[in-house]
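Undergrad: This is the structure I have questions about; it appears just below.
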Amino acid sequence: MATPVTESAAAPPPKAHRRRFAVLYSVLVVLLATGAGIGVHMATRTIVKPPPWSSWVPINTNPEAAVREIAVHVQGAYVGPDGKPISTVRGGPLSVGSDPAVLVKPDSTATGGYKFFEGASVQYQICGTTTKGNCAIDQKKITPNTSGALTRRMAYELALMTFHYVPGVQNVAVLLPAVIKGQKARILVLSRSENKEPKSLDAAIVPMRKLGKPTSEEALKIAAATDPLIFHYEVTATSDNQPVYLITPLLIKDTAAAAGSAMTTP
């Protein structure tokens, strides 16, 4: 015989249970509201990305390929008043012909009186577009004043871009073309250890109103920024016949002449 349901069996849950349920429900409501708020914020907020270091980035990750790509890019970016590239740029490992080379400079504190640059070195060569085969800039197409400023700025940009995009490179050497008749061979040399990474490429190189024709003020700023990096050089060899680029500082008169040759009128 079934036991009848009594009033006590059907009684509502105790007040403590009701209060606990109410608290849990309130917490759930708060969590749902918070989640909805976060979702709206994530959907509507503006994500601010830091500006890129430069507007152009090499595609290649292989070091030698990246160096060649940087050379081609910079070559196309520097044009004369006629709108055409003022030079060609070749890039690769530091070498003399097909033989790997090293950079050396006089240093009275070093053993033997010379300091060897340590680590991997990259070489760029800037050549004018003349057909004479001497890499000189064609003075009929671009004045020495303009080409002096542009090739210095170009060399500095090549070095900075290499350090930023090719991490394994420790030294960059850029062979500069002659911009005046009889000018001695010059080279821009920069070591990673002596270079403070700029916040951006634009912050490092001198802004120019018009790339094809810098003003006198712009040209002087370029000369001042690059003077400490420009050297004379000669190609020699070590006792075991390894090719050497022996670099020597410019003389004061050379520096003054370089600054003068970089000047132009607005």
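Letters for chains follow the order of the structure tokens (A, B, ...), residue numbers begin at 1 for each chain, and ligand numbers begin at 1 in the order shown.
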Sorted by chain and rising residue number, list the residues of segment 168-252 of chain A at most 9 Å from segment 81-86 of chain A (counting only C-alpha atoms), each with its closest atom pair and distance in Å to one decimal, as JSON lines.
TA:
{"residue": "A:Leu211", "atom": "CA", "partner": "A:Pro81", "partner_atom": "CA", "distance": 8.7}
{"residue": "A:Gly212", "atom": "CA", "partner": "A:Pro81", "partner_atom": "CA", "distance": 5.1}
{"residue": "A:Lys213", "atom": "CA", "partner": "A:Pro81", "partner_atom": "CA", "distance": 6.5}
Undergrad: When DSSP is applied to the backbone of this structure, which of segment 74-189 of chain A are assigned alpha helix (DSSP H)? Write them out as a list of chain:residue names.
TA: A:Val74, A:Gln75, A:Gly76, A:Ala77, A:Pro144, A:Asn145, A:Thr146, A:Ser147, A:Gly148, A:Ala149, A:Leu150, A:Thr151, A:Arg152, A:Arg153, A:Met154, A:Ala155, A:Tyr156, A:Glu157, A:Leu158, A:Ala159, A:Leu160, A:Met161, A:Thr162, A:Phe163, A:His164, A:Tyr165
Undergrad: Can I get the selected residues back with C-alpha atoms, as a JSON list (two decimals), in the first residue's frame?
TA:
[["chain", "number", "residue", "atom", "x", "y", "z"],
["A", 74, "VAL", "CA", 68.66, 51.21, -52.40],
["A", 75, "GLN", "CA", 69.90, 51.47, -55.97],
["A", 76, "GLY", "CA", 66.36, 52.18, -57.17],
["A", 77, "ALA", "CA", 65.62, 54.67, -54.40],
["A", 144, "PRO", "CA", 79.67, 66.38, -58.09],
["A", 145, "ASN", "CA", 77.95, 68.35, -55.33],
["A", 146, "THR", "CA", 74.74, 66.37, -55.62],
["A", 147, "SER", "CA", 76.34, 62.99, -56.23],
["A", 148, "GLY", "CA", 78.69, 63.48, -53.25],
["A", 149, "ALA", "CA", 75.76, 63.98, -50.88],
["A", 150, "LEU", "CA", 73.59, 61.24, -52.36],
["A", 151, "THR", "CA", 76.25, 58.51, -52.46],
["A", 152, "ARG", "CA", 77.24, 59.20, -48.84],
["A", 153, "ARG", "CA", 73.62, 59.01, -47.73],
["A", 154, "MET", "CA", 73.14, 55.89, -49.84],
["A", 155, "ALA", "CA", 76.16, 54.18, -48.25],
["A", 156, "TYR", "CA", 74.95, 55.00, -44.74],
["A", 157, "GLU", "CA", 71.48, 53.66, -45.51],
["A", 158, "LEU", "CA", 72.95, 50.43, -46.90],
["A", 159, "ALA", "CA", 74.89, 49.91, -43.65],
["A", 160, "LEU", "CA", 71.93, 50.63, -41.36],
["A", 161, "MET", "CA", 69.53, 48.42, -43.29],
["A", 162, "THR", "CA", 72.04, 45.57, -43.28],
["A", 163, "PHE", "CA", 72.49, 45.71, -39.50],
["A", 164, "HIS", "CA", 68.72, 45.80, -38.96],
["A", 165, "TYR", "CA", 67.69, 43.06, -41.38]]
Undergrad: List as a PyMOL selection string the protein and nucleic acid residues near segment 122-137 of chain A, meaning an atom at most 7 Å away when only C-alpha atoms are counted, but skip any in the same chain fewer than 4 places from it.
TA: chain A and resi 86-94+169+171-179
Undergrad: Run DSSP on the backbone and tell me which residues of segment 24-162 of chain A come out as strand (DSSP E); list them as an NGL selection string.
TA: :A and (87-93 or 95-96 or 99-100 or 102-106 or 114-116 or 121-128)
Undergrad: Could those selected residues go to a file with N, CA and C atoms, as a PDB file, in the first residue's frame?
TA:
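Below is the file that was written, result_27.pdb:
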ATOM      1  N   SER A  87      73.323  55.394 -59.865  1.00  0.00           N
ATOM      2  CA  SER A  87      74.383  54.392 -59.805  1.00  0.00           C
ATOM      3  C   SER A  87      73.789  53.000 -59.777  1.00  0.00           C
ATOM      4  N   THR A  88      74.670  52.020 -59.865  1.00  0.00           N
ATOM      5  CA  THR A  88      74.302  50.637 -59.592  1.00  0.00           C
ATOM      6  C   THR A  88      74.925  50.260 -58.247  1.00  0.00           C
ATOM      7  N   VAL A  89      74.308  49.306 -57.563  1.00  0.00           N
ATOM      8  CA  VAL A  89      74.822  48.861 -56.269  1.00  0.00           C
ATOM      9  C   VAL A  89      74.902  47.346 -56.269  1.00  0.00           C
ATOM     10  N   ARG A  90      76.069  46.830 -55.933  1.00  0.00           N
ATOM     11  CA  ARG A  90      76.251  45.382 -55.800  1.00  0.00           C
ATOM     12  C   ARG A  90      76.565  45.071 -54.343  1.00  0.00           C
ATOM     13  N   GLY A  91      76.032  43.956 -53.859  1.00  0.00           N
ATOM     14  CA  GLY A  91      76.257  43.584 -52.465  1.00  0.00           C
ATOM     15  C   GLY A  91      76.599  42.121 -52.310  1.00  0.00           C
ATOM     16  N   GLY A  92      77.424  41.814 -51.323  1.00  0.00           N
ATOM     17  CA  GLY A  92      77.819  40.431 -51.055  1.00  0.00           C
ATOM     18  C   GLY A  92      78.857  40.381 -49.951  1.00  0.00           C
ATOM     19  N   PRO A  93      79.446  39.217 -49.722  1.00  0.00           N
ATOM     20  CA  PRO A  93      80.491  39.098 -48.696  1.00  0.00           C
ATOM     21  C   PRO A  93      81.696  39.967 -49.049  1.00  0.00           C
ATOM     22  N   SER A  95      85.115  40.875 -50.151  1.00  0.00           N
ATOM     23  CA  SER A  95      86.032  40.069 -50.961  1.00  0.00           C
ATOM     24  C   SER A  95      86.846  40.962 -51.883  1.00  0.00           C
ATOM     25  N   VAL A  96      87.900  40.374 -52.417  1.00  0.00           N
ATOM     26  CA  VAL A  96      88.673  40.973 -53.506  1.00  0.00           C
ATOM     27  C   VAL A  96      88.621  39.955 -54.622  1.00  0.00           C
ATOM     28  N   ASP A  99      88.106  36.103 -53.715  1.00  0.00           N
ATOM     29  CA  ASP A  99      88.767  35.723 -52.473  1.00  0.00           C
ATOM     30  C   ASP A  99      88.196  36.501 -51.283  1.00  0.00           C
ATOM     31  N   PRO A 100      87.827  35.792 -50.206  1.00  0.00           N
ATOM     32  CA  PRO A 100      87.343  36.486 -48.998  1.00  0.00           C
ATOM     33  C   PRO A 100      88.402  37.441 -48.465  1.00  0.00           C
ATOM     34  N   VAL A 102      89.432  40.796 -45.471  1.00  0.00           N
ATOM     35  CA  VAL A 102      89.212  41.300 -44.114  1.00  0.00           C
ATOM     36  C   VAL A 102      89.450  42.809 -44.112  1.00  0.00           C
ATOM     37  N   LEU A 103      88.867  43.455 -43.095  1.00  0.00           N
ATOM     38  CA  LEU A 103      89.070  44.881 -42.889  1.00  0.00           C
ATOM     39  C   LEU A 103      90.125  45.084 -41.807  1.00  0.00           C
ATOM     40  N   VAL A 104      91.045  46.003 -42.060  1.00  0.00           N
ATOM     41  CA  VAL A 104      92.117  46.279 -41.106  1.00  0.00           C
ATOM     42  C   VAL A 104      92.338  47.793 -41.053  1.00  0.00           C
ATOM     43  N   LYS A 105      92.632  48.294 -39.851  1.00  0.00           N
ATOM     44  CA  LYS A 105      92.972  49.708 -39.723  1.00  0.00           C
ATOM     45  C   LYS A 105      94.136  49.868 -38.754  1.00  0.00           C
ATOM     46  N   PRO A 106      94.944  50.909 -38.947  1.00  0.00           N
ATOM     47  CA  PRO A 106      96.069  51.140 -38.030  1.00  0.00           C
ATOM     48  C   PRO A 106      95.558  51.367 -36.606  1.00  0.00           C
ATOM     49  N   TYR A 114      98.068  47.026 -35.893  1.00  0.00           N
ATOM     50  CA  TYR A 114      96.865  47.023 -36.731  1.00  0.00           C
ATOM     51  C   TYR A 114      95.722  46.296 -36.027  1.00  0.00           C
ATOM     52  N   LYS A 115      94.505  46.781 -36.263  1.00  0.00           N
ATOM     53  CA  LYS A 115      93.324  46.137 -35.702  1.00  0.00           C
ATOM     54  C   LYS A 115      92.545  45.443 -36.814  1.00  0.00           C
ATOM     55  N   PHE A 116      92.240  44.166 -36.627  1.00  0.00           N
ATOM     56  CA  PHE A 116      91.412  43.425 -37.565  1.00  0.00           C
ATOM     57  C   PHE A 116      89.959  43.492 -37.102  1.00  0.00           C
ATOM     58  N   SER A 121      81.681  40.180 -42.432  1.00  0.00           N
ATOM     59  CA  SER A 121      81.665  41.507 -43.059  1.00  0.00           C
ATOM     60  C   SER A 121      80.973  41.445 -44.413  1.00  0.00           C
ATOM     61  N   VAL A 122      80.212  42.484 -44.711  1.00  0.00           N
ATOM     62  CA  VAL A 122      79.506  42.612 -45.981  1.00  0.00           C
ATOM     63  C   VAL A 122      80.087  43.790 -46.754  1.00  0.00           C
ATOM     64  N   GLN A 123      80.128  43.636 -48.051  1.00  0.00           N
ATOM     65  CA  GLN A 123      80.651  44.695 -48.915  1.00  0.00           C
ATOM     66  C   GLN A 123      79.600  45.113 -49.930  1.00  0.00           C
ATOM     67  N   TYR A 124      79.454  46.411 -50.082  1.00  0.00           N
ATOM     68  CA  TYR A 124      78.652  46.971 -51.172  1.00  0.00           C
ATOM     69  C   TYR A 124      79.568  47.821 -52.031  1.00  0.00           C
ATOM     70  N   GLN A 125      79.256  47.879 -53.312  1.00  0.00           N
ATOM     71  CA  GLN A 125      80.004  48.766 -54.194  1.00  0.00           C
ATOM     72  C   GLN A 125      79.018  49.613 -54.981  1.00  0.00           C
ATOM     73  N   ILE A 126      79.196  50.927 -54.859  1.00  0.00           N
ATOM     74  CA  ILE A 126      78.359  51.874 -55.595  1.00  0.00           C
ATOM     75  C   ILE A 126      79.134  52.317 -56.825  1.00  0.00           C
ATOM     76  N   CYS A 127      78.561  52.099 -57.993  1.00  0.00           N
ATOM     77  CA  CYS A 127      79.217  52.460 -59.250  1.00  0.00           C
ATOM     78  C   CYS A 127      78.331  53.391 -60.066  1.00  0.00           C
ATOM     79  N   GLY A 128      78.965  54.436 -60.617  1.00  0.00           N
ATOM     80  CA  GLY A 128      78.237  55.309 -61.517  1.00  0.00           C
ATOM     81  C   GLY A 128      77.843  54.578 -62.787  1.00  0.00           C
TER      82      GLY A 128
END
